[in-house]
Structure formats: structure tokens, C-alpha cells
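The next block is query.cif, given as mmCIF, C-alpha atoms.
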data_protein
loop_
_atom_site.label_atom_id
_atom_site.label_comp_id
_atom_site.auth_asym_id
_atom_site.auth_seq_id
_atom_site.Cartn_x
_atom_site.Cartn_y
_atom_site.Cartn_z
CA MET A 11 62.53 3.15 -96.85
CA SER A 12 59.41 2.98 -99.02
CA MET A 13 57.16 0.03 -98.29
CA LYS A 14 53.61 -1.22 -98.46
CA VAL A 15 52.09 -3.21 -95.63
CA LEU A 16 49.19 -5.64 -96.02
CA ILE A 17 47.24 -5.97 -92.76
CA LEU A 18 45.43 -9.29 -92.33
CA SER A 19 42.94 -9.03 -89.49
CA HIS A 20 39.42 -9.61 -88.24
CA ASN A 21 38.58 -5.91 -87.81
CA PRO A 22 39.29 -2.95 -90.07
CA ILE A 23 41.10 0.17 -88.91
CA THR A 24 38.50 2.32 -87.11
CA ASP A 25 38.14 4.62 -84.14
CA TYR A 26 35.04 2.89 -82.77
CA ASN A 27 36.33 -0.41 -81.38
CA SER A 28 39.41 -1.54 -79.46
CA MET A 29 41.22 -3.44 -82.20
CA GLY A 30 40.45 -0.82 -84.82
CA LYS A 31 41.83 1.92 -82.57
CA THR A 32 44.91 -0.19 -81.86
CA PHE A 33 45.63 -0.40 -85.60
CA LEU A 34 44.94 3.31 -86.00
CA ALA A 35 47.62 4.15 -83.45
CA LEU A 36 50.10 1.56 -84.73
CA PHE A 37 49.97 3.03 -88.23
CA GLU A 38 49.91 6.68 -87.16
CA THR A 39 53.13 7.50 -89.03
CA PHE A 40 52.17 5.57 -92.19
CA SER A 41 50.50 7.26 -95.15
CA PRO A 42 47.40 5.59 -96.67
CA GLU A 43 49.47 4.67 -99.73
CA GLU A 44 51.68 2.53 -97.49
CA VAL A 45 48.84 0.42 -96.05
CA CYS A 46 46.14 -1.90 -97.40
CA GLN A 47 43.93 -4.23 -95.39
CA PHE A 48 42.12 -7.54 -95.78
CA TYR A 49 39.54 -8.17 -93.05
CA ILE A 50 36.57 -10.41 -92.32
CA TYR A 51 34.28 -8.65 -89.82
CA PRO A 52 30.90 -7.49 -91.21
CA THR A 53 31.53 -3.81 -90.63
CA LEU A 54 32.97 -0.82 -92.46
CA PRO A 55 35.88 1.49 -91.65
CA ASN A 56 35.09 5.05 -90.61
CA VAL A 57 38.58 6.42 -91.32
CA LYS A 58 40.47 6.39 -94.62
CA LYS A 59 43.75 5.07 -93.26
CA CYS A 60 44.36 2.53 -96.03
CA CYS A 61 44.63 3.03 -99.77
CA SER A 62 42.37 -0.01 -100.18
CA TYR A 63 40.28 -2.37 -98.02
CA TYR A 64 39.09 -5.83 -99.05
CA ARG A 65 36.36 -7.51 -96.98
CA ILE A 66 35.15 -11.11 -96.94
CA THR A 67 32.68 -12.06 -94.21
CA ASP A 68 31.50 -15.41 -92.85
CA GLN A 69 28.20 -14.86 -94.62
CA ASP A 70 29.95 -14.21 -97.92
CA VAL A 71 31.76 -17.53 -97.65
CA LEU A 72 28.66 -19.41 -96.40
CA LYS A 73 26.43 -18.09 -99.15
CA GLY A 74 29.02 -18.76 -101.83
CA LYS A 75 29.36 -15.15 -102.85
CA ARG A 76 32.17 -14.67 -105.29
CA SER A 77 34.77 -13.32 -102.84
CA GLY A 78 33.54 -10.40 -100.79
CA HIS A 79 34.32 -6.98 -102.17
CA ILE A 80 36.68 -4.05 -102.28
CA VAL A 81 35.31 -1.43 -99.89
CA GLU A 82 34.48 1.65 -101.93
CA SER A 83 35.53 5.11 -100.81
CA ARG A 84 31.90 6.25 -100.48
CA GLU A 85 31.27 3.43 -97.95
CA ILE A 86 33.86 4.80 -95.52
CA GLN A 87 31.82 7.26 -93.48
CA ALA A 88 32.63 8.94 -90.16
CA GLY A 89 29.28 7.76 -88.79
CA ASN A 90 29.93 4.05 -89.39
CA THR A 91 29.58 1.91 -86.26
CA LEU A 92 30.45 -1.61 -85.23
CA TYR A 93 27.33 -3.24 -86.68
CA GLU A 94 25.84 -2.44 -90.05
CA ASN A 95 22.46 -3.99 -89.19
CA ALA A 96 20.53 -5.64 -86.36
CA SER A 97 21.02 -9.19 -87.67
CA ASP A 98 24.82 -8.83 -87.62
CA GLN A 99 24.67 -7.40 -84.10
CA LYS A 100 22.62 -10.34 -82.85
CA LEU A 101 24.86 -12.89 -84.57
CA TYR A 102 28.22 -11.52 -83.44
CA GLN A 103 27.56 -9.87 -80.09
CA ASN A 104 26.88 -12.81 -77.79
CA LYS A 105 30.31 -14.35 -78.14
CA SER A 106 30.19 -16.33 -74.89
CA SER A 107 27.23 -18.51 -75.90
CA HIS A 108 28.39 -21.90 -77.29
CA ARG A 109 31.72 -20.27 -78.13
CA GLU A 110 33.70 -23.34 -79.22
CA LEU A 111 30.80 -24.73 -81.27
CA LYS A 112 30.51 -21.41 -83.12
CA LEU A 113 34.26 -21.31 -83.71
CA ALA A 114 34.23 -24.87 -85.03
CA CYS A 115 31.38 -23.99 -87.40
CA ARG A 116 33.29 -20.94 -88.66
CA ASN A 117 36.35 -23.12 -89.27
CA LEU A 118 34.27 -25.53 -91.32
CA ILE A 119 32.67 -22.71 -93.32
CA TRP A 120 36.05 -21.24 -94.24
CA LYS A 121 37.62 -24.64 -94.90
CA LEU A 122 34.89 -25.72 -97.29
CA GLY A 123 33.88 -22.30 -98.57
CA ARG A 124 35.21 -20.54 -101.64
CA TRP A 125 37.09 -17.46 -100.45
CA ASN A 126 40.50 -17.57 -102.14
CA THR A 127 39.15 -16.63 -105.56
CA GLY A 128 40.57 -14.93 -108.60
CA CYS A 129 39.03 -11.61 -107.55
CA LEU A 130 40.90 -11.62 -104.25
CA LYS A 131 44.12 -12.74 -105.93
CA GLN A 132 43.76 -9.93 -108.44
CA TRP A 133 43.33 -7.39 -105.62
CA LEU A 134 46.37 -8.76 -103.77
CA ALA A 135 48.50 -8.66 -106.91
CA GLY A 136 47.35 -5.14 -107.65
CA GLN A 137 48.27 -3.88 -104.19
CA LYS A 138 51.87 -5.17 -104.51
CA PRO A 139 52.54 -5.34 -100.74
CA ASP A 140 56.09 -5.83 -99.48
CA ILE A 141 55.25 -7.31 -96.09
CA ILE A 142 52.31 -8.81 -94.19
CA PHE A 143 51.21 -7.66 -90.72
CA ALA A 144 49.06 -10.52 -89.41
CA ALA A 145 46.76 -10.26 -86.39
CA ALA A 146 45.39 -13.78 -86.19
CA GLY A 147 43.48 -13.90 -82.88
CA ALA A 148 41.48 -16.86 -81.57
CA SER A 149 39.92 -18.14 -84.79
CA SER A 150 41.74 -21.22 -85.99
CA PHE A 151 40.68 -20.80 -89.63
CA PHE A 152 42.27 -17.35 -89.89
CA TYR A 153 45.73 -18.87 -89.46
CA ASP A 154 45.04 -20.89 -92.61
CA VAL A 155 43.93 -17.70 -94.39
CA ILE A 156 47.17 -15.96 -93.40
CA GLU A 157 49.27 -18.92 -94.53
CA LYS A 158 47.51 -19.12 -97.89
CA ILE A 159 47.87 -15.42 -98.63
CA ALA A 160 51.52 -15.40 -97.50
CA ASP A 161 52.25 -18.37 -99.78
CA THR A 162 50.51 -16.65 -102.68
CA LEU A 163 52.49 -13.44 -102.28
CA SER A 164 55.80 -14.96 -101.13
CA ILE A 165 56.55 -12.02 -98.84
CA PRO A 166 57.63 -11.98 -95.16
CA VAL A 167 55.12 -12.10 -92.32
CA VAL A 168 55.27 -10.03 -89.14
CA SER A 169 52.79 -11.44 -86.62
CA TYR A 170 51.04 -9.22 -84.10
CA VAL A 171 50.12 -10.79 -80.76
CA CYS A 172 48.13 -8.47 -78.53
CA ASP A 173 46.09 -11.22 -76.91
CA ASP A 174 47.48 -14.64 -75.99
CA PHE A 175 45.64 -17.83 -76.88
CA TYR A 176 48.58 -20.22 -76.56
CA PHE A 177 49.70 -20.46 -72.94
CA SER A 178 46.33 -20.81 -71.21
CA THR A 179 46.07 -24.41 -70.01
CA LEU A 180 42.52 -24.38 -68.66
CA PRO A 181 40.76 -25.08 -72.00
CA LEU A 182 43.01 -28.13 -72.44
CA LYS A 183 41.77 -29.56 -69.13
CA SER A 184 38.18 -29.65 -70.33
CA ASN A 185 36.58 -32.36 -72.42
CA GLY A 186 35.27 -32.75 -75.94
CA LEU A 187 34.98 -29.96 -78.45
CA GLN A 188 36.65 -27.24 -76.36
CA LYS A 189 39.77 -29.33 -75.77
CA ALA A 190 40.03 -30.41 -79.42
CA TYR A 191 39.57 -26.85 -80.64
CA TYR A 192 42.30 -25.37 -78.46
CA GLN A 193 44.72 -28.19 -79.22
CA SER A 194 44.29 -27.40 -82.93
CA LEU A 195 44.59 -23.66 -82.29
CA ARG A 196 47.84 -24.04 -80.34
CA LYS A 197 49.40 -25.99 -83.21
CA LYS A 198 48.47 -23.30 -85.70
CA ILE A 199 49.75 -20.54 -83.44
CA GLY A 200 53.09 -22.34 -83.14
CA LYS A 201 53.30 -22.82 -86.90
CA LEU A 202 52.67 -19.13 -87.61
CA MET A 203 55.09 -17.92 -84.94
CA ARG A 204 57.89 -20.08 -86.32
CA ARG A 205 57.15 -18.89 -89.84
CA SER A 206 57.13 -15.20 -88.87
CA ALA A 207 60.13 -13.05 -89.61
CA ARG A 208 59.30 -11.08 -86.46
CA VAL A 209 56.66 -11.31 -83.75
CA VAL A 210 55.38 -8.01 -82.36
CA THR A 211 53.88 -8.34 -78.87
CA ILE A 212 51.93 -5.95 -76.69
CA CYS A 213 54.07 -6.38 -73.57
CA ASP A 214 57.54 -7.62 -72.61
CA ALA A 215 56.26 -10.62 -70.64
CA LEU A 216 54.43 -11.97 -73.69
CA GLY A 217 57.43 -11.37 -75.93
CA ASP A 218 59.77 -13.14 -73.51
CA ASP A 219 57.53 -16.22 -73.31
CA TYR A 220 56.92 -16.43 -77.06
CA ARG A 221 60.64 -16.11 -77.76
CA LYS A 222 61.40 -18.93 -75.32
CA GLU A 223 58.62 -21.15 -76.64
CA PHE A 224 59.05 -20.68 -80.39
CA GLY A 225 62.61 -19.42 -80.81
CA CYS A 226 61.37 -16.41 -82.77
CA GLN A 227 62.57 -12.84 -82.64
CA THR A 228 60.16 -10.53 -80.81
CA THR A 229 59.70 -6.79 -80.34
CA THR A 230 57.39 -5.08 -77.84
CA VAL A 231 55.24 -2.30 -79.24
CA PHE A 232 52.85 -0.81 -76.69
CA SER A 233 49.36 0.38 -77.57
CA GLY A 234 49.45 4.04 -78.55
CA ALA A 235 47.01 6.59 -77.19
CA ASN A 236 44.39 7.70 -79.70
CA ILE A 237 43.90 11.03 -77.99
CA GLU A 238 46.27 13.94 -77.53
CA ILE A 239 48.35 13.45 -74.40
CA ALA A 240 47.31 16.00 -71.76
CA LYS A 241 49.74 18.66 -70.61
CA GLN A 242 48.57 18.52 -66.99
CA ALA A 243 46.29 16.61 -64.67
CA SER A 244 42.54 17.15 -65.00
CA LEU A 245 40.41 17.42 -61.84
CA ALA A 246 36.80 17.68 -62.94
CA ASP A 247 34.14 18.75 -60.46
CA SER A 248 32.44 15.40 -60.79
CA ARG A 249 31.13 12.47 -58.76
CA SER A 250 31.26 10.08 -61.71
CA LEU A 251 33.69 7.22 -62.19
CA VAL A 252 33.68 6.20 -65.86
CA TYR A 253 34.21 2.80 -67.51
CA LEU A 254 34.32 2.62 -71.31
CA GLY A 255 34.52 -0.78 -72.97
CA ASN A 256 33.14 -4.27 -73.24
CA LEU A 257 31.78 -6.36 -70.39
CA GLN A 258 33.02 -9.73 -71.61
CA LEU A 259 35.27 -12.16 -69.67
CA ASN A 260 33.36 -11.40 -66.44
CA ARG A 261 34.46 -7.78 -66.31
CA ASN A 262 30.82 -7.10 -65.45
CA GLN A 263 31.33 -8.96 -62.16
CA SER A 264 34.32 -6.80 -61.21
CA LEU A 265 32.38 -3.66 -62.15
CA LYS A 266 29.53 -4.83 -59.95
CA GLU A 267 31.95 -5.13 -57.03
CA ILE A 268 33.17 -1.58 -57.63
CA GLY A 269 29.55 -0.41 -57.71
CA MET A 270 28.74 -2.23 -54.48
CA ALA A 271 31.78 -0.62 -52.83
CA LEU A 272 30.54 2.79 -54.00
CA ASP A 273 27.09 2.04 -52.57
CA GLU A 274 28.66 1.34 -49.17
CA LEU A 275 30.87 4.45 -49.34
CA ASN A 276 27.94 6.63 -50.35
CA GLN A 277 25.93 5.37 -47.41
CA ALA A 278 28.78 5.70 -44.91
CA HIS A 279 29.94 9.17 -46.01
CA HIS A 280 26.66 10.63 -47.34
CA THR A 281 28.15 11.04 -50.82
CA GLN A 282 26.68 10.47 -54.26
CA TYR A 283 29.42 8.82 -56.32
CA CYS A 284 28.30 6.78 -59.32
CA LEU A 285 29.92 4.40 -61.82
CA GLU A 286 28.92 5.22 -65.40
CA ILE A 287 29.41 2.27 -67.76
CA TYR A 288 29.58 3.08 -71.49
CA THR A 289 29.40 -0.14 -73.49
CA GLY A 290 28.10 -1.66 -76.68
CA ASP A 291 27.28 -4.93 -74.89
CA LYS A 292 23.52 -5.54 -74.76
CA ASP A 293 23.38 -9.13 -73.52
CA PRO A 294 20.62 -9.16 -70.84
CA GLY A 295 22.44 -11.93 -68.97
CA ILE A 296 25.44 -9.63 -68.56
CA LEU A 297 23.57 -6.40 -67.92
CA GLN A 298 21.32 -7.87 -65.23
CA THR A 299 24.45 -8.32 -63.12
CA PHE A 300 24.07 -4.67 -62.18
CA ASP A 301 20.49 -4.99 -60.93
CA GLY A 302 20.19 -3.70 -57.38
CA VAL A 303 23.46 -1.72 -57.46
CA SER A 304 22.20 1.83 -57.12
CA SER A 305 25.47 3.59 -57.97
CA ILE A 306 25.82 1.92 -61.40
CA GLN A 307 24.41 3.68 -64.46
CA VAL A 308 24.64 1.76 -67.76
CA LYS A 309 24.99 4.05 -70.75
CA GLY A 310 25.13 3.30 -74.45
CA PHE A 311 28.05 2.89 -76.82
CA VAL A 312 30.07 6.02 -77.63
CA SER A 313 32.94 6.67 -80.01
CA GLY A 314 35.23 9.36 -81.37
CA PRO A 315 35.24 12.84 -79.80
CA GLU A 316 32.40 11.88 -77.45
CA VAL A 317 34.71 9.41 -75.68
CA HIS A 318 37.26 12.14 -74.98
CA ARG A 319 34.57 14.50 -73.65
CA ILE A 320 33.23 11.85 -71.27
CA MET A 321 36.72 10.96 -70.05
CA LYS A 322 37.55 14.60 -69.30
CA GLY A 323 34.35 14.95 -67.27
CA ALA A 324 35.12 12.02 -64.96
CA CYS A 325 36.32 12.06 -61.39
CA MET A 326 38.26 8.87 -62.18
CA LEU A 327 38.46 6.46 -65.09
CA VAL A 328 38.13 2.72 -64.49
CA HIS A 329 40.00 -0.30 -65.85
CA THR A 330 39.08 -3.74 -64.57
CA GLU A 331 39.64 -7.44 -65.16
CA SER A 332 37.99 -10.55 -63.77
CA PHE A 333 39.39 -12.59 -60.88
CA GLU A 334 38.01 -15.88 -62.24
CA PRO A 335 40.90 -18.32 -62.95
CA LEU A 336 39.99 -18.95 -66.60
CA ASP A 337 39.63 -15.23 -67.26
CA VAL A 338 42.95 -14.49 -65.55
CA GLU A 339 44.73 -16.97 -67.82
CA ARG A 340 42.93 -15.55 -70.84
CA VAL A 341 44.03 -11.94 -70.22
CA ARG A 342 47.31 -12.63 -68.44
CA TYR A 343 49.33 -10.90 -71.19
CA SER A 344 46.69 -8.44 -72.38
CA MET A 345 47.09 -4.66 -72.33
CA SER A 346 43.74 -2.99 -72.82
CA THR A 347 43.70 -0.16 -75.36
CA LYS A 348 41.80 1.86 -72.76
CA ILE A 349 44.94 2.07 -70.62
CA ALA A 350 46.88 4.16 -73.12
CA ASP A 351 44.00 6.59 -73.61
CA SER A 352 43.25 6.75 -69.90
CA LEU A 353 46.83 7.60 -68.96
CA ALA A 354 46.98 10.19 -71.75
CA SER A 355 43.74 11.87 -70.67
CA GLY A 356 45.17 13.49 -67.54
CA VAL A 357 42.35 11.96 -65.48
CA CYS A 358 43.30 9.65 -62.61
CA LEU A 359 42.90 5.97 -63.52
CA PHE A 360 41.52 3.46 -61.01
CA ALA A 361 42.33 -0.18 -61.81
CA TYR A 362 40.81 -3.25 -60.15
CA GLY A 363 42.11 -6.67 -61.13
CA PRO A 364 44.46 -9.57 -60.34
CA ALA A 365 48.11 -8.74 -59.69
CA GLU A 366 49.33 -11.38 -62.18
CA VAL A 367 47.69 -9.70 -65.21
CA ALA A 368 50.06 -7.69 -67.44
CA SER A 369 47.90 -4.57 -67.53
CA ILE A 370 47.77 -4.37 -63.73
CA GLN A 371 51.51 -5.06 -63.49
CA HIS A 372 52.19 -2.27 -66.00
CA LEU A 373 50.21 0.24 -63.95
CA GLN A 374 51.71 -0.87 -60.65
CA SER A 375 55.31 -0.91 -61.86
CA HIS A 376 55.00 2.64 -63.18
CA GLN A 377 52.87 3.82 -60.20
CA CYS A 378 50.60 5.64 -62.63
CA ALA A 379 47.17 4.51 -61.39
CA ALA A 380 45.25 3.78 -58.22
CA VAL A 381 45.32 -0.02 -58.09
CA ALA A 382 43.38 -2.55 -56.02
CA THR A 383 44.35 -6.18 -56.58
CA ASP A 384 41.85 -7.90 -54.30
CA ARG A 385 38.40 -7.36 -52.83
CA ALA A 386 39.74 -6.58 -49.36
CA GLN A 387 41.59 -3.52 -50.73
CA LEU A 388 38.83 -2.25 -52.98
CA LYS A 389 36.76 0.00 -50.73
CA GLY A 390 39.74 1.45 -48.85
CA ILE A 391 41.71 2.42 -51.96
CA LEU A 392 38.60 3.80 -53.64
CA TRP A 393 37.82 6.08 -50.73
CA ASP A 394 41.46 7.13 -50.29
CA TYR A 395 41.50 8.48 -53.84
CA LEU A 396 37.95 9.82 -53.90
CA SER A 397 38.51 11.80 -50.71
CA HIS A 398 41.95 13.18 -51.65
CA PRO A 399 41.91 15.23 -54.89
CA GLU A 400 45.62 15.97 -54.55
CA LYS A 401 46.34 12.24 -54.64
CA ARG A 402 44.31 11.87 -57.83
CA ALA A 403 46.18 14.80 -59.35
CA GLY A 404 49.60 13.35 -58.48
CA THR A 405 48.71 9.94 -59.92
CA ALA A 406 47.29 11.54 -63.06
CA GLU A 407 50.52 13.51 -63.56
CA LYS A 408 52.43 10.24 -63.34
CA GLY A 409 50.03 8.78 -65.89
CA ILE A 410 50.82 11.59 -68.32
CA GLU A 411 54.53 10.91 -67.88
CA VAL A 412 54.08 7.20 -68.63
CA ALA A 413 51.80 7.98 -71.59
CA ASN A 414 54.54 10.12 -73.12
CA ARG A 415 57.20 7.49 -72.51
CA CYS A 416 55.32 4.29 -73.41
CA HIS A 417 52.11 5.17 -75.25
CA ALA A 418 52.77 8.10 -77.57
CA LYS A 419 51.34 6.75 -80.82
CA GLU A 420 53.95 8.46 -82.98
CA GLY A 421 56.80 6.80 -81.09
CA GLN A 422 55.23 3.34 -81.06
CA SER A 423 54.30 3.64 -84.73
CA ARG A 424 57.88 4.59 -85.61
CA LEU A 425 59.05 1.53 -83.70
CA LEU A 426 56.72 -0.66 -85.77
CA ARG A 427 58.07 0.92 -88.95
CA GLU A 428 61.60 0.08 -87.79
CA VAL A 429 60.52 -3.54 -87.36
CA PHE A 430 59.26 -3.68 -90.95
CA GLU A 431 62.42 -2.02 -92.27
CA GLU A 432 64.67 -4.47 -90.40
CA VAL A 433 62.72 -7.44 -91.75
CA LEU A 434 62.77 -6.14 -95.31
CA THR A 435 66.51 -5.45 -95.23
CA ASP A 436 67.41 -8.71 -93.51
CA GLU A 437 68.93 -11.21 -95.91
CA ASN A 438 67.80 -14.21 -93.85
CA THR A 439 64.57 -16.01 -94.64
CA PRO A 440 61.77 -16.34 -92.03
CA SER A 441 62.60 -20.01 -91.52
CA GLU A 442 66.18 -19.11 -90.64
CA LEU A 443 65.06 -16.44 -88.22
CA CYS A 444 62.61 -18.68 -86.34
CA ILE A 445 63.55 -22.31 -85.93
#
Render the structure in this file as C-alpha cells.
Amino acid sequence: MSMKVLILSHNPITDYNSMGKTFLALFETFSPEEVCQFYIYPTLPNVKKCCSYYRITDQDVLKGKRSGHIVESREIQAGNTLYENASDQKLYQNKSSHRELKLACRNLIWKLGRWNTGCLKQWLAGQKPDIIFAAAGASSFFYDVIEKIADTLSIPVVSYVCDDFYFSTLPLKSNGLQKAYYQSLRKKIGKLMRRSARVVTICDALGDDYRKEFGCQTTTVFSGANIEIAKQASLADSRSLVYLGNLQLNRNQSLKEIGMALDELNQAHHTQYCLEIYTGDKDPGILQTFDGVSSIQVKGFVSGPEVHRIMKGACMLVHTESFEPLDVERVRYSMSTKIADSLASGVCLFAYGPAEVASIQHLQSHQCAAVATDRAQLKGILWDYLSHPEKRAGTAEKGIEVANRCHAKEGQSRLLREVFEEVLTDENTPSELCI
């Protein structure tokens, strides 16, 4: 079936950040002529996956610019990175500082600002999309943007939920602005889910709970690996454990604990293992967490082929989540994009995080990673795998098997296409599907 999908999202399709890579894998089997994208982050794509991109940023709306702009072909360069300039990096990077106040200000900017202009409407009409793929996230105003565009086009909406912001109760137990913001956000999430012709979720647990809560039809589509799935396990002659990703949501604290465990193991066994952390995070308050941990080496941000090279050179790859209650609720249903790539790499994956988090459950249920779910286990499991190469090889082989079954991007992309085809051929309206 021929179709054209309009992606509504914060980030464009890229290969340099998690959400961009997620989109890249989801639309692996789609031609550029079948995809267009409206996004709001102040960055540029580095892959030509869409026939057209339209960008409107917070600053565009705040300054009263006419409506953002269509991203020109010459602007899409392989060397593009997450931030176009230093001012954008400073503004957007420290997300944890006064988070709810910043979100409330963004909501006000988009509510009062002039973004839904004739220029945007002309672009939307010219694209002639058949269906909307909406990744709304945590910003309350973006649900209004999705609703307005969907009303304008009168086409069905498929919502994508890869990160849950509805079921966490901790923000609602706080006072003032945070509580008011999340109460408003939950209402808008519910409204969009009930409107959606289908809800695509990143794991079965999230799909089950959204279906029960909103009465909507859900489909699980796992994150696809953005690298070629290895044919066999890789055992590099290396003493480096490698973490690639952001340090938000107190992941830095869990990484520090891994580093401290490595320090103790190095001292006890006269070894020289290190934890290399490749991240774009530059917040001094986060990075200083690693002060005094001799085994931790903080590297810079890497993307594209360099990521694959670094992964292949590792003794083990690392996935981690925080044990703090608020963080556990926040990522309970999340499945990091790093997991798909890590399993596909053929390098043994070491995971450290709470047992109730979906990503840890996924790895444990498939027995495809070395997993420690509390501090008491950490050092013992680390040493067991570091000192037994054959154990790393066996776990890596299992990871390859799971990558082929659950994270092959072609298979997951075809599943997403099937979702769109079912929605477009269904004679029911979205309101009849989700009541």
C-alpha cells in the first residue's frame, strides 16, 4: 500500500542522538518519498530520510518569526551534530535545572506565540500525508500542536510512546508548579491516547497498561538496532568497559558505583580495568560525580561509525539506570536505544539497574546480558564476567540471537508499516477505536 507518513516530534531523524536513531530504525523500510517530518528542536538532520523537513523552534515562536522554515537539502550534512551553536547547547543541555518552570514557560510561549501560520499550513497541504506518527513526549504544549495539525489535516493519528509520563505518581505528590504541570500533562496524554487510531509502545508492559487505562488499541514495536547485527561474539583484547549515552536521571550515580567496584577489583586482583564514558553531557554538577574514581575516564560525544568502532573495541558494554525512586518510576517502561545496538554488536552487555525497570526485565527474561539488580551483587557479577571470557562470549551469542529476533530494524520497521496499513484500511474512526 502506498502511503505518506507525517512525523510530529521534538527531534529530527538523525544518527547522532537516541530519539533520532530510534526514528531512523523505525523507518528503515520506508523510502524518503513516504516520510515527511515536522520538528521543534534547534538542530538539523544529518541523514536524508525524509522528502521534506519543517522546523519551528522555541526561539522562532518567542521572537515572532513567521513560522520556522523548510530545511533545505544543502543544510542536511553528515557532520551535523546535536547543537548548531554554543548558545543552543547552553540553553537546552541542563534539563534538570528548574525543569517544571522551564516547561511551563515553553507552554506559555507556544500558547501565545504565532506558530500555526499560513506558511506551515501550505507546507502541510503540499506534503499530502495520509497518516500522522506523533511522538509527543513530556512537553505539554506539543500535545496541543499535534491536535491542531491533526484537526487541520483530518487524518488518523498513530501515537508513539517510548517513554512514559503518565503513570508516575511521584510528581503528583509534590506541591505547586510541579504538581500542576503533571496534572495538566496527564490530561493531555489521556486525550491524545483516546483520539489515536493506534498506540505504538516500546514494550509489552507499557502497551498493556495503556490499553487498560485508555481503552485504545496498542502494538509493541521494539527499538531496532542501527548497526549490522554481528554474526558471532566479539572478544576484544581490552580492559575497557564502555558506556555511550547521556548521564541524566542519576545514571551518573550508577556509573560511579560501577567505577568504584572496578577500583576495588583492580586493587584486589592487580588488574587495570577502566570504565570509558562517552557522553555529550557537560554539566559540571554531573561530571564531578566521577571525581576520585580512578577507573572512570570521561570521553567526549561520538556518533556514526565511530560509535561502532568503540563498541567493538570494548571488553563489555554498559547499560545502567538509577535506583532513586523518582527515576525508577520515570524509566519504568523505557527501553534504551543503546540496548538494541549493544545486543547487535556481539560484545557482552553488562547492565546495572533496578529489577522493576522494563529494560532490565527485557535483558533478564532473555538471558542476553550480565545483569546486577542491586549494589550487593555488583562487584561479584562484574568480576565473574571479567574473569571468564567464555562466559562473556556465551552471553554475547545470546545477545545476537535476541537482536535478530526482537531488534532487527527491518523486521520492526515492517511491523510499523503494517500498523499504518491496518489503520488506513480500517473503516472505523479513531473515536470508535478508542473510547
How would you write, as a PyMOL selection string, the residues chosen by the PyMOL selection byres ((chain A and resi 113) around 9) on this structure?
chain A and resi 108-112+114-118+148-151+191
Find the distance between CA of Arg208 (chain A) and CA of Tyr170 (chain A) and write it in Å to one decimal.
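Between CA of Arg208 (chain A) and CA of Tyr170 (chain A) the gap works out to 8.8 Å.
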Applying the PyMOL selection byres ((chain A and resi 133) around 12) to the file I just gave you, which residues come out? Please list them as a ChimeraX atom specification.
/A:16,46-48,62-65,77-81,126-132,134-139,159,163
From the list A:Asp161, A:Glu267, A:Ile23, A:Val429, which residue is nearest Val209 (chain A) when using only C-alpha atoms?
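Closest to Val209 (chain A) of all the choices is A:Val429.
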Which residues are close to Thr230 (chain A), i.e. within 7 Å by all atoms listed in the file, leaving aside same-chain residues fewer than 6 positions away? Reply as a compact mmCIF listing (two decimals) with C-alpha atoms, in the coordinates of the input.
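Result file part13.txt:
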# COMPACT_ATOMS: atom_id res chain seq x y z
CA VAL A 210 55.38 -8.01 -82.36
CA THR A 211 53.88 -8.34 -78.87
CA ILE A 212 51.93 -5.95 -76.69
CA CYS A 213 54.07 -6.38 -73.57
CA ASP A 214 57.54 -7.62 -72.61
CA GLY A 217 57.43 -11.37 -75.93
Taking the file as I've supplied it (selection: the PyMOL selection byres ((chain A and resi 314-328) around 7)), which residues are included? Please answer as a tab-separated table (two decimals) with C-alpha atoms, keeping the file's coordinate frame.
chain	number	residue	atom	x	y	z
A	25	ASP	CA	38.14	4.62	-84.14
A	26	TYR	CA	35.04	2.89	-82.77
A	245	LEU	CA	40.41	17.42	-61.84
A	246	ALA	CA	36.80	17.68	-62.94
A	248	SER	CA	32.44	15.40	-60.79
A	249	ARG	CA	31.13	12.47	-58.76
A	250	SER	CA	31.26	10.08	-61.71
A	251	LEU	CA	33.69	7.22	-62.19
A	252	VAL	CA	33.68	6.20	-65.86
A	253	TYR	CA	34.21	2.80	-67.51
A	312	VAL	CA	30.07	6.02	-77.63
A	313	SER	CA	32.94	6.67	-80.01
A	329	HIS	CA	40.00	-0.30	-65.85
A	330	THR	CA	39.08	-3.74	-64.57
A	352	SER	CA	43.25	6.75	-69.90
A	355	SER	CA	43.74	11.87	-70.67
A	357	VAL	CA	42.35	11.96	-65.48
A	358	CYS	CA	43.30	9.65	-62.61
A	359	LEU	CA	42.90	5.97	-63.52
A	360	PHE	CA	41.52	3.46	-61.01
A	361	ALA	CA	42.33	-0.18	-61.81
Of the listed residues A:Leu336, A:Ile119, A:Val231, A:Leu396, that which approaches Gln282 (chain A) most closely, counting all atoms listed in the file:
A:Leu396
Calculated over only C-alpha atoms, which of the candidates A:Phe224, A:Val57, A:Phe175, A:Ile370 has the smallest distance to Gln193 (chain A)?
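Result for the nearest residue to Gln193 (chain A): A:Phe175.
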Between CA of Leu34 (chain A) and CA of Lys419 (chain A), what is the spacing in Å?
8.9 Å
Selection: 9 Å around Gly404 (chain A), only C-alpha atoms, excl. self and same-chain fewer than 3 positions, as a PyMOL selection string
chain A and resi 243+358+378+399-401+407-409
Can you tell me, as a list in words, what residues are no more than 7 Å from region 285-302 of chain A when counting only C-alpha atoms, ignoring any on the same chain fewer than 4 positions away?
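Once the nearby chain positions are removed, what remains is Asn104, Ser250, Leu251, Val252, Tyr253, Leu254, Gly255, Asn256, Leu257, Asn262, Gln263, Lys266, Gly269, Ile306, Gln307, Val308, Lys309, Gly310, Phe311 and Val312 of chain A.
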Report, in Å with one decimal, the straight-line distance from CA of Val338 (chain A) to CA of Pro364 (chain A).
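According to the coordinates, CA of Val338 (chain A) and CA of Pro364 (chain A) are separated by 7.3 Å.
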Need to verify the contact set: Val412 (chain A), 12 Å, only C-alpha atoms, exclusion of same-chain residues closer than 4 positions in sequence. Can you return it as a ChimeraX atom specification?
/A:232,234-235,239-240,349-356,372-379,405-408,416-418
Which residue is closest to Thr229 (chain A)? Choose from A:Asp436, A:Glu331, A:Glu428, A:Glu43 and count all atoms listed in the file.
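Looking at the shortest contact to Thr229 (chain A), the residue is A:Glu428.
Here the question is which of A:Ser169, A:Gln387, A:Gln87, A:Ser332 gets nearest to Phe430 (chain A) using all atoms listed in the file, and that residue is A:Ser169.
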